[in-house]
Amino acid sequence: MFYREAGQYKSSYAADMAIFPIRQDRLALWGLLAFAYLGVPLLATFKIWPFGSDYLLRAILIPFLILALGSIGLNILMGYCGQISLGAGAFMAIGAYGAYKFANGVHLPLAWLGTEIAIPALPVLASILLGGMMAALVGILFGIPSLRIKGLYLAVATLAAQFFFDWVFIRVKWFTNYTPSGSVTAPELNILGVTFNTPIERYLLCLAFVSVFALMTKNLVRGNLGRQWMAIRDMDIAAELMGIRPLYAKLSAFAISSFVVGVAGALFAFVYLGAWEPLAFNIDRSFQLLFMVIIGGLGSILGSFLGAAFILILPIMLDQVPHALGIPVTVETVSLSVLIITGALICYLLIVEPLGFARLWSVGKEKLRLWPYPY
Amino acid sequence: MLLAGQVLEVLLGGLLSGVLYSLVALGFVLIFKASGVFNFAQGAMVLLAGLALVRCLDYLTHHEFPAWLAVLLALMFAAAIMALTAWLVERFVLGPLVNQDGLTLFMSTIGATFVLEGASQMIFGSDVYPLRLFPSDAWIILDNVFPGGILINKLDVWGGLIAGVLVAGLAVFFQNTKTGRALRAVADDHAAAQSVGIPISWIWFVVWLVAGLVALVAATIWGTKLGVQFSITFLALKALPVLIIGGFTSVPGAIVGGLMVGAGEKLAEIYLGPHIGGGIEYWFAYVLALLVLLLRPQGLFGERIIERI
């Protein structure tokens with residue numbers, strides 16, 4: 001009744017090919033963006049429930065946005081191009097440490113060449129994007145094996161990236177500017193003269209990044225490149241026979257995916273953590289992103305948000321609900337039951353709905369289209 | 001002479017610890033060969049088997065059972081737990097996913113890993129439990145050839161012996177029994193195997209049971225070496241490069257790959273480590289695997305991957 005595109009005539013090719021061709025979708029998106037950009041900051045400024053304290057912003061919404069960005073990145077690779085990756089955490093780390101180095105100035109003496117690379121400290125925004133670029137370069141490097149191998153073999157190759165970079169950022173002191181503890185601190189978040197300090201400002205910064213990248217990805221996957229990726233995903237040999245170059249399609253997916261994941265890593269470190277050590281980006285982070293993508297829905301931008309929200313909120317819920325009901329549980333029980341429930345849900349979703357929450361959403365839309373008179 | 005002795009000692013130590021990697025890798029190969037499933041949960045199964053074993057053993061010795069009986073009963077208890085796990089996995093995870101592609105099955109085993117890790121620690125506790133089934137002191141051999149001799153850990157030798165027996169037994173099981181042939185048929189094509197009357201759910205139960213028992217064997221040795229604790233699950237991640245090097249489908253490949261990784265990482269750690277900051281063991285196996293992947297994607301002993309449209 002409410003969700004019906006009947007009567008929405010498209011009179012131009014551009015209108016037909018729009019990112020959101022259905023009016024209700026557009027309205028919902030504008031509503032959501034308005035709420036995210038205006039509603040949430042207003043509520044938080046006037047401390048209206050549930051924004052009474054900045055806990056919700058600081059501990060839930062900011063990491064939600066950043067990890068959603070990360071899972072959008074991983075989704076480009078896994079959901080659209082069909083290349084499984086278990087190394088997303090490493091690419092987040094590269095983004096984070098790359099941005100850190102650029103923000104503090106790069107000084108790399110190359111004694112054996114008799115020269116040195118010296119880049120002055122760059123502004124934060126440029127550093128974050130350059131961090132993403134670094135991740136993209138490494139992504140291309142680790143994507144090269146994907147030209148010969150796929151599936152499980154590739155998963156192991158990406159796992160190699162994870163372990164290698166864990167080690168690099170712990171052992172190679174150059175990346176942490178020789179801090180004795182190995183923990184590094186993000187620079188002040190000053191972008192174009194505006195300083196982002198309060199949780200509201202930081203939230204808006206993340207929101208800006210996420211909405212730009214989500215829109216960019218949404219646009220990308222409906223175009224030429226996105227269709228090449230999907231052809232490779234569905235059957236690489238057939239795609240090759242149709243004239244799609246696997247080299248270009250796969251490596252571009254690796255590069256763009258790693259770029260987005262790297263930017264997410266830089267944001268995670270700069271905006272959310274503030275000070276961090278390599279452990280923040282270990283293999284658990286990779287699995288967290290992997291599950292967000294699987295549970296949210298492979299090949300869906302909306303799914304990345306849904307998956308990120310679910311994976312992030314589940315442990316908090318499991319922690320809060322027994323407290324609210326007055327059941328005493330230990331921290332350990334909570335963390336173990338999070339493991340069990342996440343694992344069980346993944347199995348369950350793979351069995352009943354391999355396409356994740358995003359698929360449930362589109363099934364819901366189909367139902368709404370016929371409501372209240374389904375046949 | 002001193003240097004040669006040292007190299008030999010490092011090499012032997014590495015080879016013997018490589019045997020233990022092989023033992024974990026073997027569990028992967030079995031399931032992969034027999035069901036086409038890449039079982040990420042193998043490490044969690046080692047943890048579960050180890051925890052069941054050590055907790056039951058503690059309980060029995062606490063109630064003053066004679067030592068041999070306690071070990072026997074504890075082993076039987078752990079085997080029963082692995083059988084139960086195999087049944088549960090088949091019934092609730094893999095059964096409903098028959099005929100899905102390999103990647104879906106792989107991801108479902110990641111889910112199973114989490115459930116097993118959480119459940120085993122919730123039931124049996126999550127501390128470090130020492131396990132003493134094998135002697136863990138060392139022999140000194142060849143002390144008349146090299147000054148100071150060569151140190152060999154008895155536990156590693158036990159591990160090598162057990163792995164050898166296990167491989168021989170499994171080879172016979174796979175090649176010469178009816179069930180073994182059925183297993184290979186299922187791995188080739190689920191649907192075709194079903195259509196010639198192979199009971200697929202029973203076969204999968206058998207496979208997971210065998211993998212569970214291999215996990216139990218691995219747990220006895222690794223448990224004695226490190227104590228039974230959560231970090232044992234990372235062994236699974238260590239076994240992955242072993243598989244890549246040896247080839248997913250090859251039992252001898254798992255053994256050779258394990259030996260290569262074990263010896264290689266020890267040698268690299270000692271002779272290369274000081275120059276680039278140490279801790280190479282952490283990634284050496286993976287980078288070796290990456291090189292093998294680039295040069296020979298199917299691994300040293302794997303069957304050639306043939307693509308059909």
# chains A, B, ... in the order shown; residues from 1 in each chain; ligands from 1

call {"tool": "closest_atom_pairs", "arguments": {"of": "chain A", "to": "chain B", "cutoff": "9 Å", "atoms": "only C-alpha atoms", "output": "JSON lines"}}
result
{"residue": "A:Ile84", "atom": "CA", "partner": "B:Leu103", "partner_atom": "CA", "distance": 8.5}
{"residue": "A:Ile144", "atom": "CA", "partner": "B:Leu294", "partner_atom": "CA", "distance": 8.7}
{"residue": "A:Pro145", "atom": "CA", "partner": "B:Leu294", "partner_atom": "CA", "distance": 6.1}
{"residue": "A:Arg148", "atom": "CA", "partner": "B:Pro297", "partner_atom": "CA", "distance": 7.2}
{"residue": "A:Ile149", "atom": "CA", "partner": "B:Pro297", "partner_atom": "CA", "distance": 6.4}
{"residue": "A:Gly151", "atom": "CA", "partner": "B:Leu103", "partner_atom": "CA", "distance": 6.6}
{"residue": "A:Leu152", "atom": "CA", "partner": "B:Leu103", "partner_atom": "CA", "distance": 7.3}
{"residue": "A:Tyr153", "atom": "CA", "partner": "B:Ile244", "partner_atom": "CA", "distance": 7.2}
{"residue": "A:Leu154", "atom": "CA", "partner": "B:Leu293", "partner_atom": "CA", "distance": 8.8}
{"residue": "A:Val156", "atom": "CA", "partner": "B:Leu240", "partner_atom": "CA", "distance": 6.9}
{"residue": "A:Ala157", "atom": "CA", "partner": "B:Leu290", "partner_atom": "CA", "distance": 5.8}
{"residue": "A:Leu159", "atom": "CA", "partner": "B:Tyr286", "partner_atom": "CA", "distance": 7.7}
{"residue": "A:Ala160", "atom": "CA", "partner": "B:Tyr286", "partner_atom": "CA", "distance": 4.8}
{"residue": "A:Ala161", "atom": "CA", "partner": "B:Tyr286", "partner_atom": "CA", "distance": 8.3}
{"residue": "A:Gln162", "atom": "CA", "partner": "B:Trp283", "partner_atom": "CA", "distance": 8.9}
{"residue": "A:Phe163", "atom": "CA", "partner": "B:Trp283", "partner_atom": "CA", "distance": 5.5}
{"residue": "A:Phe164", "atom": "CA", "partner": "B:Trp283", "partner_atom": "CA", "distance": 5.3}
{"residue": "A:Phe165", "atom": "CA", "partner": "B:Trp283", "partner_atom": "CA", "distance": 8.9}
{"residue": "A:Asp166", "atom": "CA", "partner": "B:Trp283", "partner_atom": "CA", "distance": 8.9}
{"residue": "A:Trp167", "atom": "CA", "partner": "B:Tyr282", "partner_atom": "CA", "distance": 7.1}
{"residue": "A:Arg171", "atom": "CA", "partner": "B:Gly277", "partner_atom": "CA", "distance": 6.2}
{"residue": "A:Val172", "atom": "CA", "partner": "B:Gly277", "partner_atom": "CA", "distance": 7.3}
{"residue": "A:Met235", "atom": "CA", "partner": "B:Ile309", "partner_atom": "CA", "distance": 8.8}
{"residue": "A:Ile237", "atom": "CA", "partner": "B:Ile309", "partner_atom": "CA", "distance": 7.4}
{"residue": "A:Ala238", "atom": "CA", "partner": "B:Ile309", "partner_atom": "CA", "distance": 7.6}
{"residue": "A:Ile294", "atom": "CA", "partner": "B:Met107", "partner_atom": "CA", "distance": 8.6}
{"residue": "A:Glu332", "atom": "CA", "partner": "B:Met122", "partner_atom": "CA", "distance": 8.6}
{"residue": "A:Thr333", "atom": "CA", "partner": "B:Met122", "partner_atom": "CA", "distance": 7.0}
{"residue": "A:Ser335", "atom": "CA", "partner": "B:Gly118", "partner_atom": "CA", "distance": 8.2}
{"residue": "A:Leu336", "atom": "CA", "partner": "B:Gly118", "partner_atom": "CA", "distance": 4.6}
{"residue": "A:Ser337", "atom": "CA", "partner": "B:Gly118", "partner_atom": "CA", "distance": 6.4}
{"residue": "A:Val338", "atom": "CA", "partner": "B:Gly118", "partner_atom": "CA", "distance": 7.9}
{"residue": "A:Leu339", "atom": "CA", "partner": "B:Phe114", "partner_atom": "CA", "distance": 5.3}
{"residue": "A:Ile340", "atom": "CA", "partner": "B:Val115", "partner_atom": "CA", "distance": 4.1}
{"residue": "A:Ile341", "atom": "CA", "partner": "B:Val115", "partner_atom": "CA", "distance": 7.1}
{"residue": "A:Thr342", "atom": "CA", "partner": "B:Phe114", "partner_atom": "CA", "distance": 7.2}
{"residue": "A:Gly343", "atom": "CA", "partner": "B:Gly111", "partner_atom": "CA", "distance": 3.9}
{"residue": "A:Ala344", "atom": "CA", "partner": "B:Gly111", "partner_atom": "CA", "distance": 6.2}
{"residue": "A:Leu345", "atom": "CA", "partner": "B:Gly111", "partner_atom": "CA", "distance": 7.6}
{"residue": "A:Ile346", "atom": "CA", "partner": "B:Gly111", "partner_atom": "CA", "distance": 5.4}
{"residue": "A:Cys347", "atom": "CA", "partner": "B:Ser108", "partner_atom": "CA", "distance": 5.1}
{"residue": "A:Tyr348", "atom": "CA", "partner": "B:Val93", "partner_atom": "CA", "distance": 7.9}
{"residue": "A:Leu350", "atom": "CA", "partner": "B:Ser108", "partner_atom": "CA", "distance": 6.7}
{"residue": "A:Ile351", "atom": "CA", "partner": "B:Leu97", "partner_atom": "CA", "distance": 6.2}
{"residue": "A:Val352", "atom": "CA", "partner": "B:Pro96", "partner_atom": "CA", "distance": 8.9}
{"residue": "A:Pro354", "atom": "CA", "partner": "B:Thr104", "partner_atom": "CA", "distance": 8.0}

call {"tool": "residues_around", "arguments": {"residues": "Ser17 (chain B)", "least_positions_apart": "6", "cutoff": "12 Å", "atoms": "only C-alpha atoms", "output": "JSON, numbers by chain"}}
result
{"B": [10, 11, 23, 24, 152, 153, 154, 155, 156, 157, 158, 159, 160, 163, 218, 221, 222, 225, 235, 238, 255, 257, 258, 259, 260, 261, 262, 263, 264, 265, 266]}

call {"tool": "select_by_dssp", "arguments": {"residues": "region 75-118 of chain A", "states": "helix (DSSP H, G or I)", "output": "MDAnalysis selection string"}}
result
chainID A and resid 75:80 88:104 111:113

call {"tool": "select_by_dssp", "arguments": {"residues": "region 41-266 of chain B", "states": "strand (DSSP E)", "output": "list in words"}}
result
Ala138, Trp139, Ile140, Ile141, Ile150, Leu151, Ile152 and Asn153 of chain B

call {"tool": "write_last_selection", "arguments": {"atoms": "N, CA and C atoms", "output": "mmCIF file, in the first residue's frame"}}
result
data_model
loop_
_atom_site.group_PDB
_atom_site.id
_atom_site.type_symbol
_atom_site.label_atom_id
_atom_site.label_comp_id
_atom_site.auth_asym_id
_atom_site.auth_seq_id
_atom_site.Cartn_x
_atom_site.Cartn_y
_atom_site.Cartn_z
ATOM 1 N N ALA B 138 64.241 -34.381 28.268
ATOM 2 C CA ALA B 138 64.960 -34.457 26.994
ATOM 3 C C ALA B 138 66.054 -35.523 27.028
ATOM 4 N N TRP B 139 66.338 -36.055 25.863
ATOM 5 C CA TRP B 139 67.488 -36.932 25.693
ATOM 6 C C TRP B 139 68.651 -36.123 25.162
ATOM 7 N N ILE B 140 69.835 -36.586 25.486
ATOM 8 C CA ILE B 140 71.004 -36.009 24.830
ATOM 9 C C ILE B 140 71.650 -37.121 24.025
ATOM 10 N N ILE B 141 71.702 -36.936 22.718
ATOM 11 C CA ILE B 141 72.281 -37.991 21.884
ATOM 12 C C ILE B 141 73.517 -37.483 21.182
ATOM 13 N N ILE B 150 73.378 -33.462 21.295
ATOM 14 C CA ILE B 150 72.201 -32.832 20.709
ATOM 15 C C ILE B 150 71.018 -33.113 21.606
ATOM 16 N N LEU B 151 70.288 -32.055 21.906
ATOM 17 C CA LEU B 151 69.160 -32.174 22.812
ATOM 18 C C LEU B 151 67.914 -32.565 22.018
ATOM 19 N N ILE B 152 67.253 -33.654 22.454
ATOM 20 C CA ILE B 152 66.005 -34.007 21.781
ATOM 21 C C ILE B 152 64.923 -34.173 22.828
ATOM 22 N N ASN B 153 63.802 -33.542 22.574
ATOM 23 C CA ASN B 153 62.692 -33.630 23.496
ATOM 24 C C ASN B 153 61.981 -34.970 23.328
#

call {"tool": "closest_residue", "arguments": {"among": "A:Ala135, A:Leu43, A:Ile232, A:Ala14", "to": "Ala264 (chain A)", "atoms": "only C-alpha atoms"}}
result
A:Ala135
